[in-house]
Structure formats: structure tokens, C-alpha cells
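Enquirer: Questions regarding the structure given below will be posed in turn.
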Amino acid sequence: MSRVCVFCRREGQKLTLEHVYPDWLSGLFNKSLKGINEVSRDDLHRVWQGKLFQHKVKLVCGDCNNGWMSTLESGVKDLLTSLAFTHDGHALTEEGQRKISLWVQKTALIDNKALGGAFEIPASFYEELYAAKQPLQNIMVSMGWRMLANGSKAQPLASFEIKQVGSVQAEKSSADVLKSQVDSGALIWTAILALGNVVFHIVGTNINGHLEVGSSDPRMFAQINPYHTDLSWPSEWPIESIGGLEAVRKAI
Ligand SMILES: [Zn+2]
């Protein structure tokens, strides 16, 4: 069976099994180790026990999976492993931030498709990411950290939550323009992607123009995309200072 690849949009390609979380993550753990997997969104909350990081979906073609996506994974693996599974300090330069941001954006797009349900990130984001193979300016990424990620139900090693933002604040001067864009399908979505000790806050939009998207506390979440400055990692406060993963998800 062949379908259209979600990234390159080519038809007639045999789609390959892509790990929702990269296979090298499971290599860090005992392969038979079971853990709690969790995904949630407005209309669905699913928690299941299974082999860690072995959830796979058929969404992308072999050329994408074994080409640019594989290059992306191998380029970010060492840094992401250290961020997610140690509490080591890092100087996050522009290059490091760009690698992580692209990985986070790609993973959020895959996670959203992998889960099924009511909210779907529009196809344009996939097409733009594929065309650019660079972090998209219209998907903001910031990162924070948590002290506790032990694989329990309350502290899953990996979790993903996404929702569409219901109301949009705009400056008065651009309100009419904004309204017409929203009427023709423009939207904002926000997601939390947690992987081990690192927690990403992601906000995507296909609305043009200046927007006030509720930003998170910079003492906890450091913005890495769009890049603005080199960072000394970790940030000042862990997310436990406002109540941990559950509280962060409620706040988005
Ligand atoms: Zn493809």
C-alpha cells in the first residue's frame, strides 16, 4: 500500500515505518524495558504501557526517512541525549539551538499525525519544513527542564500534548486583518513535548503579522527558536517550581 508522504507529498512512494521517537532513544535503555507512554489532546487522553520509544507509524517515504530525517537525528543525538538524560550544563550556541529546534518541530509534526483525533496541524507546516529543512520561523520553540522523569505514570519519560489556541489577541490596528485570516482558516496551535529531563513548549501559527502569543516565564523556558541569543543551560528554575508537567500543560 502506498500513500502520500506527509513531508515531500510525493505519491506512489512506499511509506516506511518511522519511529515516533527515534530508535536511538530506545538504545539508551534496556530494549525489553516497559514504560508508560502518554499522549493527550483536547479530545483524547491515552496512556499505555509498552516498550519504551518503540511506537511506530507509517507516514513518511523511504527517501525522507533515510535521507534528511536520518541526518537530522544523527546530528542532534549526542546533544539531545545529554539534555534529556543528564543534568549536565551546556552552552547552547546558535548551531545547537537550530539543531534542537528543527528536531522538536519535526517530532511535533510526526507526533501529531501519529496520534489521530480532532486537531490536525495543517499540511502547510509539513510542506514548509520539508522545503526549508531549517527551523521554521512560525513555529516558536522554547525549552525548560524537570528534575523528575522516572517513567512513572505521573512522570512519563516521553509525553506530548497539543491543542489549538482558542482566542487570539491582536493589536487593535491589525484586528480586522487578523479576523479575515482566522475566518479563512488561519490558526495557532500550542504543544508540550517532554523527553526525559527536557520539556519543550512549541507554538505554531500560519497567521501573518504581529501576534501576542502568551509567552512562558523566561526563568523556566528559554526561547531557542527563533534564535535570539546563546544560552547557558539549564535555565534558572525547573518546571517543578510551578508544579511540574501537569501544571505546565494546563498553563498552555
Ligand atoms: Zn517523503
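FYI, nothing fancy with the C-alpha cells labels: chains A, B, ... in order, residues from 1 per chain, ligands from 1 as they appear.
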Could you give me, as a PyMOL selection string, every polymer residue with an atom at most 12 Å away from an atom of ligand 1, counting only C-alpha atoms and all ligand atoms?
Expert: chain A and resi 2-16+18+58-69+126-127+129-131
Enquirer: For Leu245 in chain A, find every residue with an atom within 9 Å (counting only C-alpha atoms), except residues of its own chain fewer than 4 positions away, and show them as a list in words.
Expert: Arg146, Ala154, Gln155, Ile192, Ala194, Val199, Ile239, Glu240, Arg249 and Lys250 of chain A
Enquirer: Write out as a list in words which residues come within 6 Å of range 181-186 of chain A when counting only C-alpha atoms, dropping same-chain ones fewer than 2 positions away.
Expert: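 Residues near the query, excluding close chain neighbours: Leu178, Lys179, Asn206 and Ile207 of chain A.
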Enquirer: Mind giving me the straight-line distance from CA of Asp78 in chain A to CA of Pro135 in chain A in Å, one decimal?
Expert: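 These atoms are spaced 18.8 Å apart.
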Enquirer: If you count only C-alpha atoms, which residues fall within 10 Å of Pro226 in chain A, apart from same-chain ones fewer than 6 positions away, as number ranges by chain?
Expert: A: 94, 97-98, 101, 135-142
Enquirer: Would you return as a list in words the members of range 55-192 of chain A that DSSP assigns to strand (DSSP E) on this structure's backbone?
Expert: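 So, restricting range 55-192 of chain A to strand (DSSP E), we get Lys56, Val57, Lys58, Leu59, Val60, Cys61, His90, Ala91, Leu92, Ile139, Met140, Val141, Ser142, Met143, Gly144, Trp145, Ala158, Ser159, Phe160, Glu161, Ile162, Lys163, Gln164, Ile188, Trp189, Thr190, Ala191 and Ile192 of chain A.
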Enquirer: Quick one: pick out all alpha helix (DSSP H) residues within range 43-238 of chain A from a backbone DSSP run and write them as an mmCIF file with N, CA and C atoms, in the first residue's frame.
Expert:
data_model
loop_
_atom_site.group_PDB
_atom_site.id
_atom_site.type_symbol
_atom_site.label_atom_id
_atom_site.label_comp_id
_atom_site.auth_asym_id
_atom_site.auth_seq_id
_atom_site.Cartn_x
_atom_site.Cartn_y
_atom_site.Cartn_z
ATOM 1 N N GLY A 62 10.634 6.368 2.217
ATOM 2 C CA GLY A 62 11.995 5.920 2.495
ATOM 3 C C GLY A 62 13.030 6.999 2.250
ATOM 4 N N ASP A 63 12.825 7.796 1.195
ATOM 5 C CA ASP A 63 13.790 8.853 0.893
ATOM 6 C C ASP A 63 13.868 9.872 2.022
ATOM 7 N N CYS A 64 12.700 10.266 2.552
ATOM 8 C CA CYS A 64 12.696 11.215 3.677
ATOM 9 C C CYS A 64 13.254 10.562 4.939
ATOM 10 N N ASN A 65 12.747 9.373 5.248
ATOM 11 C CA ASN A 65 13.145 8.694 6.482
ATOM 12 C C ASN A 65 14.649 8.432 6.533
ATOM 13 N N ASN A 66 15.181 7.930 5.434
ATOM 14 C CA ASN A 66 16.605 7.560 5.406
ATOM 15 C C ASN A 66 17.500 8.692 4.929
ATOM 16 N N TRP A 68 17.036 13.081 4.795
ATOM 17 C CA TRP A 68 17.186 14.277 5.649
ATOM 18 C C TRP A 68 16.786 14.028 7.099
ATOM 19 N N MET A 69 15.786 13.137 7.323
ATOM 20 C CA MET A 69 15.365 12.900 8.709
ATOM 21 C C MET A 69 16.435 12.128 9.474
ATOM 22 N N SER A 70 17.083 11.197 8.781
ATOM 23 C CA SER A 70 18.151 10.437 9.408
ATOM 24 C C SER A 70 19.354 11.329 9.718
ATOM 25 N N THR A 71 19.662 12.233 8.801
ATOM 26 C CA THR A 71 20.754 13.206 9.025
ATOM 27 C C THR A 71 20.448 14.086 10.227
ATOM 28 N N LEU A 72 19.192 14.507 10.310
ATOM 29 C CA LEU A 72 18.742 15.340 11.427
ATOM 30 C C LEU A 72 18.910 14.602 12.757
ATOM 31 N N GLU A 73 18.472 13.338 12.796
ATOM 32 C CA GLU A 73 18.584 12.553 14.036
ATOM 33 C C GLU A 73 20.037 12.383 14.455
ATOM 34 N N SER A 74 20.896 12.004 13.521
ATOM 35 C CA SER A 74 22.274 11.736 13.925
ATOM 36 C C SER A 74 22.989 13.028 14.329
ATOM 37 N N GLY A 75 22.571 14.157 13.759
ATOM 38 C CA GLY A 75 23.208 15.426 14.108
ATOM 39 C C GLY A 75 22.841 15.936 15.495
ATOM 40 N N VAL A 76 21.685 15.505 16.021
ATOM 41 C CA VAL A 76 21.203 16.060 17.282
ATOM 42 C C VAL A 76 21.337 15.061 18.443
ATOM 43 N N LYS A 77 21.640 13.815 18.078
ATOM 44 C CA LYS A 77 21.586 12.721 19.045
ATOM 45 C C LYS A 77 22.403 12.966 20.324
ATOM 46 N N ASP A 78 23.671 13.331 20.179
ATOM 47 C CA ASP A 78 24.530 13.471 21.363
ATOM 48 C C ASP A 78 24.050 14.592 22.281
ATOM 49 N N LEU A 79 23.741 15.733 21.682
ATOM 50 C CA LEU A 79 23.283 16.873 22.472
ATOM 51 C C LEU A 79 21.952 16.575 23.151
ATOM 52 N N LEU A 80 21.024 16.011 22.385
ATOM 53 C CA LEU A 80 19.700 15.740 22.940
ATOM 54 C C LEU A 80 19.758 14.674 24.038
ATOM 55 N N THR A 81 20.609 13.682 23.854
ATOM 56 C CA THR A 81 20.771 12.643 24.879
ATOM 57 C C THR A 81 21.252 13.260 26.187
ATOM 58 N N SER A 82 22.220 14.157 26.076
ATOM 59 C CA SER A 82 22.759 14.791 27.277
ATOM 60 C C SER A 82 21.712 15.683 27.955
ATOM 61 N N LEU A 83 20.965 16.439 27.139
ATOM 62 C CA LEU A 83 19.936 17.314 27.708
ATOM 63 C C LEU A 83 18.825 16.502 28.374
ATOM 64 N N ALA A 84 18.447 15.400 27.727
ATOM 65 C CA ALA A 84 17.279 14.654 28.185
ATOM 66 C C ALA A 84 17.591 13.689 29.325
ATOM 67 N N PHE A 85 18.819 13.199 29.381
ATOM 68 C CA PHE A 85 19.079 12.132 30.340
ATOM 69 C C PHE A 85 20.228 12.405 31.295
ATOM 70 N N GLU A 94 24.031 29.110 18.730
ATOM 71 C CA GLU A 94 23.025 29.186 17.671
ATOM 72 C C GLU A 94 22.914 27.849 16.938
ATOM 73 N N GLU A 95 24.047 27.214 16.655
ATOM 74 C CA GLU A 95 24.011 25.959 15.911
ATOM 75 C C GLU A 95 23.258 24.876 16.694
ATOM 76 N N GLY A 96 23.576 24.760 17.983
ATOM 77 C CA GLY A 96 22.894 23.776 18.817
ATOM 78 C C GLY A 96 21.403 24.050 18.914
ATOM 79 N N GLN A 97 21.059 25.311 19.091
ATOM 80 C CA GLN A 97 19.638 25.683 19.197
ATOM 81 C C GLN A 97 18.889 25.381 17.901
ATOM 82 N N ARG A 98 19.554 25.597 16.780
ATOM 83 C CA ARG A 98 18.902 25.324 15.493
ATOM 84 C C ARG A 98 18.674 23.827 15.297
ATOM 85 N N LYS A 99 19.668 23.035 15.663
ATOM 86 C CA LYS A 99 19.519 21.578 15.527
ATOM 87 C C LYS A 99 18.365 21.073 16.390
ATOM 88 N N ILE A 100 18.350 21.512 17.641
ATOM 89 C CA ILE A 100 17.300 21.060 18.555
ATOM 90 C C ILE A 100 15.933 21.546 18.064
ATOM 91 N N SER A 101 15.867 22.805 17.633
ATOM 92 C CA SER A 101 14.578 23.359 17.192
ATOM 93 C C SER A 101 14.014 22.589 16.014
ATOM 94 N N LEU A 102 14.867 22.262 15.046
ATOM 95 C CA LEU A 102 14.387 21.518 13.883
ATOM 96 C C LEU A 102 13.906 20.130 14.303
ATOM 97 N N TRP A 103 14.641 19.502 15.211
ATOM 98 C CA TRP A 103 14.232 18.175 15.693
ATOM 99 C C TRP A 103 12.888 18.258 16.423
ATOM 100 N N VAL A 104 12.742 19.272 17.257
ATOM 101 C CA VAL A 104 11.495 19.432 18.020
ATOM 102 C C VAL A 104 10.324 19.683 17.067
ATOM 103 N N GLN A 105 10.536 20.534 16.074
ATOM 104 C CA GLN A 105 9.454 20.822 15.124
ATOM 105 C C GLN A 105 9.075 19.558 14.353
ATOM 106 N N LYS A 106 10.066 18.843 13.858
ATOM 107 C CA LYS A 106 9.812 17.600 13.113
ATOM 108 C C LYS A 106 9.078 16.594 13.995
ATOM 109 N N THR A 107 9.529 16.439 15.233
ATOM 110 C CA THR A 107 8.936 15.445 16.127
ATOM 111 C C THR A 107 7.498 15.821 16.491
ATOM 112 N N ALA A 108 7.248 17.111 16.698
ATOM 113 C CA ALA A 108 5.869 17.541 16.999
ATOM 114 C C ALA A 108 4.949 17.237 15.813
ATOM 115 N N LEU A 109 5.426 17.456 14.598
ATOM 116 C CA LEU A 109 4.604 17.181 13.412
ATOM 117 C C LEU A 109 4.317 15.689 13.283
ATOM 118 N N ILE A 110 5.331 14.868 13.545
ATOM 119 C CA ILE A 110 5.138 13.412 13.492
ATOM 120 C C ILE A 110 4.203 12.955 14.618
ATOM 121 N N ASP A 111 4.441 13.448 15.823
ATOM 122 C CA ASP A 111 3.602 13.046 16.966
ATOM 123 C C ASP A 111 2.137 13.379 16.697
ATOM 124 N N ASN A 112 1.895 14.552 16.141
ATOM 125 C CA ASN A 112 0.515 14.949 15.880
ATOM 126 C C ASN A 112 -0.165 13.997 14.900
ATOM 127 N N LYS A 113 0.547 13.602 13.848
ATOM 128 C CA LYS A 113 -0.026 12.661 12.871
ATOM 129 C C LYS A 113 -0.184 11.263 13.455
ATOM 130 N N ALA A 114 0.728 10.912 14.346
ATOM 131 C CA ALA A 114 0.755 9.549 14.872
ATOM 132 C C ALA A 114 -0.422 9.268 15.790
ATOM 133 N N LEU A 115 -1.026 10.308 16.328
ATOM 134 C CA LEU A 115 -1.994 10.091 17.397
ATOM 135 C C LEU A 115 -3.442 9.998 16.942
ATOM 136 N N ALA A 123 -1.380 20.903 6.694
ATOM 137 C CA ALA A 123 -0.350 20.324 5.819
ATOM 138 C C ALA A 123 0.744 21.323 5.448
ATOM 139 N N SER A 124 0.396 22.615 5.431
ATOM 140 C CA SER A 124 1.383 23.618 5.013
ATOM 141 C C SER A 124 2.632 23.595 5.899
ATOM 142 N N PHE A 125 2.473 23.283 7.203
ATOM 143 C CA PHE A 125 3.630 23.243 8.097
ATOM 144 C C PHE A 125 4.599 22.127 7.681
ATOM 145 N N TYR A 126 4.042 20.986 7.274
ATOM 146 C CA TYR A 126 4.874 19.854 6.845
ATOM 147 C C TYR A 126 5.617 20.220 5.559
ATOM 148 N N GLU A 127 4.884 20.829 4.640
ATOM 149 C CA GLU A 127 5.482 21.196 3.357
ATOM 150 C C GLU A 127 6.589 22.236 3.549
ATOM 151 N N GLU A 128 6.331 23.209 4.426
ATOM 152 C CA GLU A 128 7.332 24.255 4.664
ATOM 153 C C GLU A 128 8.583 23.681 5.341
ATOM 154 N N LEU A 129 8.381 22.776 6.290
ATOM 155 C CA LEU A 129 9.535 22.190 6.981
ATOM 156 C C LEU A 129 10.367 21.359 6.003
ATOM 157 N N TYR A 130 9.674 20.616 5.164
ATOM 158 C CA TYR A 130 10.379 19.801 4.170
ATOM 159 C C TYR A 130 11.163 20.689 3.207
ATOM 160 N N ALA A 131 10.542 21.776 2.757
ATOM 161 C CA ALA A 131 11.206 22.660 1.792
ATOM 162 C C ALA A 131 12.423 23.341 2.423
ATOM 163 N N ALA A 132 12.281 23.753 3.686
ATOM 164 C CA ALA A 132 13.347 24.533 4.321
ATOM 165 C C ALA A 132 14.432 23.639 4.929
ATOM 166 N N ALA A 175 -6.489 44.095 13.958
ATOM 167 C CA ALA A 175 -7.587 43.190 14.315
ATOM 168 C C ALA A 175 -8.427 42.750 13.110
ATOM 169 N N ASP A 176 -8.712 43.674 12.198
ATOM 170 C CA ASP A 176 -9.541 43.323 11.046
ATOM 171 C C ASP A 176 -8.831 42.348 10.116
ATOM 172 N N VAL A 177 -7.549 42.632 9.887
ATOM 173 C CA VAL A 177 -6.740 41.745 9.039
ATOM 174 C C VAL A 177 -6.705 40.353 9.648
ATOM 175 N N LEU A 178 -6.507 40.336 10.963
ATOM 176 C CA LEU A 178 -6.427 39.062 11.671
ATOM 177 C C LEU A 178 -7.737 38.300 11.562
ATOM 178 N N LYS A 179 -8.836 39.000 11.755
ATOM 179 C CA LYS A 179 -10.134 38.338 11.722
ATOM 180 C C LYS A 179 -10.366 37.681 10.356
ATOM 181 N N SER A 180 -9.992 38.375 9.295
ATOM 182 C CA SER A 180 -10.222 37.795 7.973
ATOM 183 C C SER A 180 -9.325 36.577 7.754
ATOM 184 N N GLN A 181 -8.121 36.609 8.345
ATOM 185 C CA GLN A 181 -7.248 35.428 8.228
ATOM 186 C C GLN A 181 -7.817 34.242 8.999
ATOM 187 N N VAL A 182 -8.300 34.525 10.208
ATOM 188 C CA VAL A 182 -8.856 33.447 11.029
ATOM 189 C C VAL A 182 -10.100 32.869 10.353
ATOM 190 N N ASP A 183 -10.902 33.775 9.745
ATOM 191 C CA ASP A 183 -12.093 33.307 9.035
ATOM 192 C C ASP A 183 -11.735 32.390 7.870
#
Enquirer: What does the distance from CA of Gln134 in chain A to CA of Thr205 in chain A come to in Å, to one decimal?
Expert: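 Value for the CA of Gln134 in chain A-CA of Thr205 in chain A distance: 16.4 Å.
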Enquirer: Measuring atom to atom with only C-alpha atoms, identify which of A:Asn150, A:Met143, A:Ser159, A:Gln164 is nearest to Phe119 in chain A.
Expert: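 Using only C-alpha atoms, Phe119 in chain A sits closest to A:Gln164.
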Enquirer: Under the rule that only C-alpha atoms are counted, which of A:Val198, A:Ile188, A:Trp145, A:Ala222 is the nearest residue to Ile242 in chain A?
Expert: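 Counting only C-alpha atoms, the residue closest to Ile242 in chain A is A:Trp145.
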